[in-house]
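J.: Sharing a structure here in structure tokens format.
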2 protein chains.
Amino acid sequence: MLERHHLEIIRAVDQQGTLTEAANLLCLTQSALSHSIKKLEQQLGVQLWQKRGRNLKLSESGLRILSLANRLLPQFEHAELEMQDIVAGQKGTLRIGMECSPCFQWLLKVVAPFLKQYPDVDVDIRKEFQFGGLGALLSYDIDLLITPDPLHKQGLDYIPVFDYEQVLVVSEQHRFADKNCISASELAEETLLTYPIEISRLDIFNEFITPAGACVKKHKTIENTEIMLQMVNANRGVAALPAWLVAEFQQQMPIKAVRLGKNGVHKCIYIGLRSAEQRPVYLEQLIHLAKTSGQ
Amino acid sequence: MLERHHLEIIRAVDQQGTLTEAANLLCLTQSALSHSIKKLEQQLGVQLWQKRGRNLKLSESGLRILSLANRLLPQFEHAELEMQDIVAGQKGTLRIGMECSPCFQWLLKVVAPFLKQYPDVDVDIRKEFQFGGLGALLSYDIDLLITPDPLHKQGLDYIPVFDYEQVLVVSEQHRFADKNCISASELAEETLLTYPIEISRLDIFNEFITPAGACVKKHKTIENTEIMLQMVNANRGVAALPAWLVAEFQQQMPIKAVRLGKNGVHKCIYIGLRSAEQRPVYLEQLIHLAKTSGQ
DNA sequence: TCTATTAATGAGTAAAATTCATCGAACAAT
DNA sequence: ATTGTTCGATGAATTTTACTCATTAATAGA
């Protein structure tokens with residue numbers, strides 16, 4: 001029968017390249033691994049790998065098992081850690097997923113007091129997901145998802161925690177600097193700076209440019225918020241960011257916030273969770289901190 | 001270390017109720033299971049269950065492991081079956097998820113020729129999912145999802161396969177029977193029959209009633225399509241179904257289809273798949289059959 | 001061609017899982 | 001209460017499995 005330790009071997013060989021090194025990693029002999037997989041191959045009736053020169057190469061079936069290993073092993077490992085946490089009582093690891101680049105700064109403010117309050121709870125923040133944040137939540141890679149678009153799915157809860165307005169940031173020298181608000185069509189002559197994510201996930205397009213049938217002169221992507229604002233400051237483009245974030249940076253550099261449209265673009269950050277699962281106290285506390293962070 | 005067989009034990013005990021019966025199921029002795037879990041408990045340092053009277057009751061930690069078991073064991077099992085399929089060549093199991101109740105009839109028409117073409121490929125159709133169809137796809141419980149709302153997520157592909165119009169079905173005696181189309185407000189005096197799923201997933205509400213700010217007199221849910229149409233036929237209510245489905249049943253009973261709104265409600269059925277994964281030939285063939293089913 | 005490195009193999013050994021026999025607790029029927 | 005039955009726990013014996021050691025064969029680089 002396919003066992004956890006078979007998955008460990010396949011993964012280790014994939015990581016280390018050779019059986020011998022994989023054996024070292026697992027604190028076993030090369031022989032042990034060889035025997036183990038040999039037996040599994042006989043039971044399943046498939047070859048999992050072949051000798052390619054002196055090394056091993058995974059077969060089609062082997063790759064399937066490797067993909068299984070990469071999916072299942074982290075879950076085994078996490079379950080074991082969870083058990084340790086239960087033993088230790090008020091301990092744990094909170095795996096937070098982020099689907100909202102600028103929220104990072106906000107999250108730090110929430111996490112800081114949390115870490116003080118629960119010195120034995122570790123926080124792990126992740127941003128890249130194979131199947132998106134929702135997929136990560138559903139496959140138990142994270143316990144909590146910070147996202148601006150709550151895709152309601154069976155078995156998931158979303159808690160609104162933070163309202164904010166999305167505004168256009170411009171340099172003080174910019175022609176919009178003294179405006180109260182701008183219309184979508186006015187962006188036609190502007191260079192827009194955004195995070196490097198799909199356009200369909202950018203609020204400035206979804207809620208402002210696209211509905212108005214408008215467009216921008218140029219669209220450039222920048223990963224880092226600080227650099228993005230430096231670019232704005234240098235009048236090399238405009239960006240759309242949460243108002244509170246702009247307010248913070250205004251102390252450091254002379255930038256201006258301009259409302260998007262007459263009524264502004266209003267958004268909300270949600271915390272997504274798997275429902276019907278008993279949540280540890282500290283998780284509830286983090287949600288509480290997040291909710292009250294705006295006040 | 002937490003092993004697959006521990007998960008098997010926890011699951012079996014949960015299913016069977018007693019250790020003894022679980023042991024029978026696993027072709028082991030009661031003693032073996034007892035020893036096994038005892039050892040695991042010592043390693044992890046947690047109690048997984050306690051004696052409650054003569055039976056066992058899972059502890060908090062035990063429940064966590066049970067949830068892990070229910071998630072991981074099906075994946076182990078499926079991987080093993082997949083290996084068998086690879087040995088046998090053009091064999092396999094296609095696990096299809098359905099998120100669209102009336103599409104069942106359509107799917108049968110696609111699956112029938114498929115089963116003839118690939119006599120060694122089994123088809124399994126599932127309808128209930130803990131985390132919705134999307135969750136099932138992401139956690140490898142199904143390989144393919146039939147759905148009318150393609151929730152685009154990283155790592156997933158959706159292929160449109162079938163356009164149709166959603167229409168209102170009424171009895172020939174009904175006051176709408178001779179109308180070309182109806183407006184949402186006209187439903188205020190009607191009893192609406194739908195499948196028993198959340199209102200937010202019912203097209204008739206999403207695309208017709210709710211946007212118009214209208215409502216119905218009464219809303220009743222019925223699981224079975226045939227019974228639903230019998231009710232319509234008996235003039236006990238009206239229902240919203242795909243036009244092609246109504247056309248089929250019109251041969252058996254005197255019912256009428258009425259367009260929803262001036263332009264009608266137009267929908268499309270999609271097939272959702274995990275992308276970036278090598279797909280077997282027969283899967284591609286099923287998609288092809290689905291695409292050409294409309295002609 | 002020689003050497004270093006790799007995986008495979010067979011035999012022996014150590015370790016682990018399983019059974020067997022037995023016990024005590026819980027429960028139902030008397 | 002008393003008894004018989006059913007359930008899980010336990011310790012010792014046994015079987016099964018996993019692992020190591022020593023060796024071989026193959027490959028690649030010097």
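Chain labels follow the order of the structure tokens: the first chain is A, the next B, and so on; residue numbering restarts at 1 in every chain, and ligands are counted from 1 in their shown order.
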Could you please tell me, as a PDB file with N, CA and C atoms, in the first residue's frame, which residues of chain B have an atom within 12 Å of chain C when using only C-alpha atoms (C1' of nucleotides)?

T.:
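result.pdb was written with the following content:
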```pdb
ATOM      1  N   HIS B   5      -1.793   4.489   7.839  1.00  0.00           N
ATOM      2  CA  HIS B   5      -2.630   3.470   8.478  1.00  0.00           C
ATOM      3  C   HIS B   5      -3.280   3.988   9.767  1.00  0.00           C
ATOM      4  N   ALA B  23     -11.710  -3.090  13.372  1.00  0.00           N
ATOM      5  CA  ALA B  23     -10.657  -4.084  13.161  1.00  0.00           C
ATOM      6  C   ALA B  23     -11.088  -5.089  12.099  1.00  0.00           C
ATOM      7  N   CYS B  27      -9.412  -5.957   8.474  1.00  0.00           N
ATOM      8  CA  CYS B  27      -8.808  -7.288   8.504  1.00  0.00           C
ATOM      9  C   CYS B  27      -7.632  -7.348   9.473  1.00  0.00           C
ATOM     10  N   LEU B  28      -7.863  -6.822  10.659  1.00  0.00           N
ATOM     11  CA  LEU B  28      -6.858  -6.873  11.716  1.00  0.00           C
ATOM     12  C   LEU B  28      -7.579  -7.211  13.009  1.00  0.00           C
ATOM     13  N   THR B  29      -6.823  -7.378  14.080  1.00  0.00           N
ATOM     14  CA  THR B  29      -7.473  -7.638  15.359  1.00  0.00           C
ATOM     15  C   THR B  29      -7.703  -6.329  16.099  1.00  0.00           C
ATOM     16  N   GLN B  30      -8.616  -6.378  17.030  1.00  0.00           N
ATOM     17  CA  GLN B  30      -8.903  -5.215  17.856  1.00  0.00           C
ATOM     18  C   GLN B  30      -7.640  -4.769  18.587  1.00  0.00           C
ATOM     19  N   SER B  31      -6.881  -5.757  19.009  1.00  0.00           N
ATOM     20  CA  SER B  31      -5.654  -5.493  19.733  1.00  0.00           C
ATOM     21  C   SER B  31      -4.662  -4.665  18.897  1.00  0.00           C
ATOM     22  N   ALA B  32      -4.549  -5.022  17.639  1.00  0.00           N
ATOM     23  CA  ALA B  32      -3.602  -4.332  16.765  1.00  0.00           C
ATOM     24  C   ALA B  32      -3.916  -2.844  16.701  1.00  0.00           C
ATOM     25  N   LEU B  33      -5.202  -2.540  16.508  1.00  0.00           N
ATOM     26  CA  LEU B  33      -5.598  -1.145  16.416  1.00  0.00           C
ATOM     27  C   LEU B  33      -5.321  -0.423  17.731  1.00  0.00           C
ATOM     28  N   SER B  34      -5.653  -1.079  18.814  1.00  0.00           N
ATOM     29  CA  SER B  34      -5.455  -0.476  20.118  1.00  0.00           C
ATOM     30  C   SER B  34      -3.983  -0.130  20.329  1.00  0.00           C
ATOM     31  N   HIS B  35      -3.118  -1.118  20.044  1.00  0.00           N
ATOM     32  CA  HIS B  35      -1.682  -0.884  20.184  1.00  0.00           C
ATOM     33  C   HIS B  35      -1.217   0.255  19.282  1.00  0.00           C
ATOM     34  N   SER B  36      -1.681   0.217  18.052  1.00  0.00           N
ATOM     35  CA  SER B  36      -1.260   1.185  17.054  1.00  0.00           C
ATOM     36  C   SER B  36      -1.533   2.613  17.508  1.00  0.00           C
ATOM     37  N   ILE B  37      -2.751   2.844  17.920  1.00  0.00           N
ATOM     38  CA  ILE B  37      -3.127   4.204  18.307  1.00  0.00           C
ATOM     39  C   ILE B  37      -2.439   4.591  19.610  1.00  0.00           C
ATOM     40  N   LYS B  39       0.456   3.791  20.575  1.00  0.00           N
ATOM     41  CA  LYS B  39       1.818   4.207  20.251  1.00  0.00           C
ATOM     42  C   LYS B  39       1.820   5.605  19.624  1.00  0.00           C
ATOM     43  N   LYS B  51     -12.379   6.390  26.424  1.00  0.00           N
ATOM     44  CA  LYS B  51     -13.491   5.447  26.590  1.00  0.00           C
ATOM     45  C   LYS B  51     -14.696   6.227  27.085  1.00  0.00           C
ATOM     46  N   ARG B  52     -15.790   6.057  26.406  1.00  0.00           N
ATOM     47  CA  ARG B  52     -17.072   6.642  26.814  1.00  0.00           C
ATOM     48  C   ARG B  52     -17.997   5.452  27.004  1.00  0.00           C
ATOM     49  N   GLY B  53     -18.167   5.040  28.267  1.00  0.00           N
ATOM     50  CA  GLY B  53     -18.911   3.810  28.481  1.00  0.00           C
ATOM     51  C   GLY B  53     -18.092   2.678  27.898  1.00  0.00           C
ATOM     52  N   ARG B  54     -18.701   1.849  27.050  1.00  0.00           N
ATOM     53  CA  ARG B  54     -17.910   0.781  26.448  1.00  0.00           C
ATOM     54  C   ARG B  54     -17.303   1.213  25.116  1.00  0.00           C
ATOM     55  N   ASN B  55     -17.742   2.354  24.608  1.00  0.00           N
ATOM     56  CA  ASN B  55     -17.275   2.762  23.281  1.00  0.00           C
ATOM     57  C   ASN B  55     -16.199   3.831  23.359  1.00  0.00           C
TER      58      ASN B  55
END
```

J.: Got a sec: who's within 12 Å of A:Leu2, counting only C-alpha atoms (C1' of nucleotides), leaving out chain neighbours fewer than 6 positions off, as a list in words?

T.: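 Using only C-alpha atoms (C1' of nucleotides), the neighbours found are Glu8, Ile9, Ile10, Ser36, Ile37, Lys39, Leu40, Glu41, Gln42, Gln43, Leu44, Gly45, Ile65, Leu68 and Ala69 of chain A; Glu3, Arg4, His5, Leu73, Gln75, Phe76, Glu77, His78, Ala79, Glu80, Leu81 and Met83 of chain B.
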
J.: I need the residues of stretch 117-289 of chain A that end up classed as strand (DSSP E) by DSSP on the backbone, written out as an MDAnalysis selection string.

T.: chainID A and resid 121:126 144:147 156:171 181:182 191:194 218:221 238:242 255:260 265:274

J.: How many Å separate atom CA of A:Gln166 from atom CA of A:Pro242?

T.: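 So the two atoms, atom CA of A:Gln166 and atom CA of A:Pro242, lie 4.4 Å apart.
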
J.: Taking only C-alpha atoms (C1' of nucleotides) into account and nothing else, which residues of chain D lie no more than 10 Å away from chain B? Please answer as JSON, numbers by chain.

T.: {"D": [6, 7, 8, 9, 10]}

J.: With N, CA, C and O atoms (P, O5', C5', C4', C3', O3' and C1' of nucleotides) retained, could you export that selection as a PDB file, in the first residue's frame?

T.:
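Result file follows (selection.pdb):
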```pdb
ATOM      1  P    DT D   6     -22.217 -10.960  22.881  1.00  0.00           P
ATOM      2  O5'  DT D   6     -21.570  -9.520  23.016  1.00  0.00           O
ATOM      3  C5'  DT D   6     -22.398  -8.389  23.338  1.00  0.00           C
ATOM      4  C4'  DT D   6     -21.505  -7.207  23.598  1.00  0.00           C
ATOM      5  C3'  DT D   6     -20.346  -7.087  22.604  1.00  0.00           C
ATOM      6  O3'  DT D   6     -20.296  -5.751  22.124  1.00  0.00           O
ATOM      7  C1'  DT D   6     -19.555  -6.948  24.815  1.00  0.00           C
ATOM      8  P    DC D   7     -19.454  -5.409  20.834  1.00  0.00           P
ATOM      9  O5'  DC D   7     -18.311  -4.488  21.426  1.00  0.00           O
ATOM     10  C5'  DC D   7     -18.652  -3.241  22.049  1.00  0.00           C
ATOM     11  C4'  DC D   7     -17.557  -2.850  23.002  1.00  0.00           C
ATOM     12  C3'  DC D   7     -16.163  -2.835  22.389  1.00  0.00           C
ATOM     13  O3'  DC D   7     -15.846  -1.553  21.914  1.00  0.00           O
ATOM     14  C1'  DC D   7     -16.183  -3.706  24.631  1.00  0.00           C
ATOM     15  P    DG D   8     -14.493  -1.355  21.120  1.00  0.00           P
ATOM     16  O5'  DG D   8     -13.411  -1.104  22.250  1.00  0.00           O
ATOM     17  C5'  DG D   8     -13.537   0.030  23.103  1.00  0.00           C
ATOM     18  C4'  DG D   8     -12.472  -0.013  24.185  1.00  0.00           C
ATOM     19  C3'  DG D   8     -11.039   0.084  23.677  1.00  0.00           C
ATOM     20  O3'  DG D   8     -10.320   0.963  24.526  1.00  0.00           O
ATOM     21  C1'  DG D   8     -11.300  -1.885  24.946  1.00  0.00           C
ATOM     22  P    DA D   9      -8.785   1.189  24.399  1.00  0.00           P
ATOM     23  O5'  DA D   9      -8.219   0.215  25.530  1.00  0.00           O
ATOM     24  C5'  DA D   9      -8.462   0.519  26.892  1.00  0.00           C
ATOM     25  C4'  DA D   9      -7.500  -0.236  27.782  1.00  0.00           C
ATOM     26  C3'  DA D   9      -6.031  -0.085  27.434  1.00  0.00           C
ATOM     27  O3'  DA D   9      -5.305   0.098  28.645  1.00  0.00           O
ATOM     28  C1'  DA D   9      -6.640  -2.382  27.335  1.00  0.00           C
ATOM     29  P    DT D  10      -3.750   0.334  28.599  1.00  0.00           P
ATOM     30  O5'  DT D  10      -3.175  -1.123  28.757  1.00  0.00           O
ATOM     31  C5'  DT D  10      -3.521  -1.907  29.908  1.00  0.00           C
ATOM     32  C4'  DT D  10      -2.818  -3.248  29.827  1.00  0.00           C
ATOM     33  C3'  DT D  10      -1.364  -3.182  29.371  1.00  0.00           C
ATOM     34  O3'  DT D  10      -0.552  -3.731  30.392  1.00  0.00           O
ATOM     35  C1'  DT D  10      -2.524  -4.900  28.253  1.00  0.00           C
TER      36       DT D  10
END
```

J.: Skip stretch 193-208 of chain A itself and residues of its chain fewer than 6 positions away, then list as JSON, numbers by chain all residues within 8 Å of it, counting only C-alpha atoms (C1' of nucleotides).

T.: {"A": [101, 166, 184, 219, 220, 221, 222, 223, 224, 228, 237, 238, 239, 240, 260, 261, 265]}

J.: Quick check: residues of chain B within 6 Å of chain A, only C-alpha atoms, returned as a PyMOL selection string.

T.: chain B and resi 3-4+131-132+139+154-155

J.: For A:Leu145, work out the shell of residues within 7 Å, counting only C-alpha atoms (C1' of nucleotides) and skipping chain neighbours fewer than 6 positions away, then give it as a CSV table (one decimal) with C-alpha atoms, in the first residue's frame.

T.:
```
chain,number,residue,atom,x,y,z
A,96,ILE,CA,-2.2,33.9,6.8
A,97,GLY,CA,-2.7,34.2,3.1
A,98,MET,CA,-2.7,37.7,1.4
A,133,GLY,CA,-5.9,32.3,-2.0
A,137,LEU,CA,-7.7,28.0,2.1
A,271,ILE,CA,-11.0,37.7,6.3
A,272,GLY,CA,-11.9,34.4,4.8
A,273,LEU,CA,-12.1,31.2,6.9
```

J.: If you run DSSP over the backbone, which residues in stretch 170-294 of chain A end up alpha helix (DSSP H)? Put them as a list of chain:residue names.

T.: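 After running DSSP on the backbone, stretch 170-294 of chain A has alpha helix (DSSP H) at A:Asp203, A:Thr225, A:Glu226, A:Ile227, A:Met228, A:Leu229, A:Gln230, A:Met231, A:Val232, A:Asn233, A:Ala243, A:Trp244, A:Leu245, A:Val246, A:Ala247, A:Glu248, A:Phe249, A:Val281, A:Tyr282, A:Leu283, A:Glu284, A:Gln285, A:Leu286, A:Ile287, A:His288, A:Leu289, A:Ala290, A:Lys291, A:Thr292.
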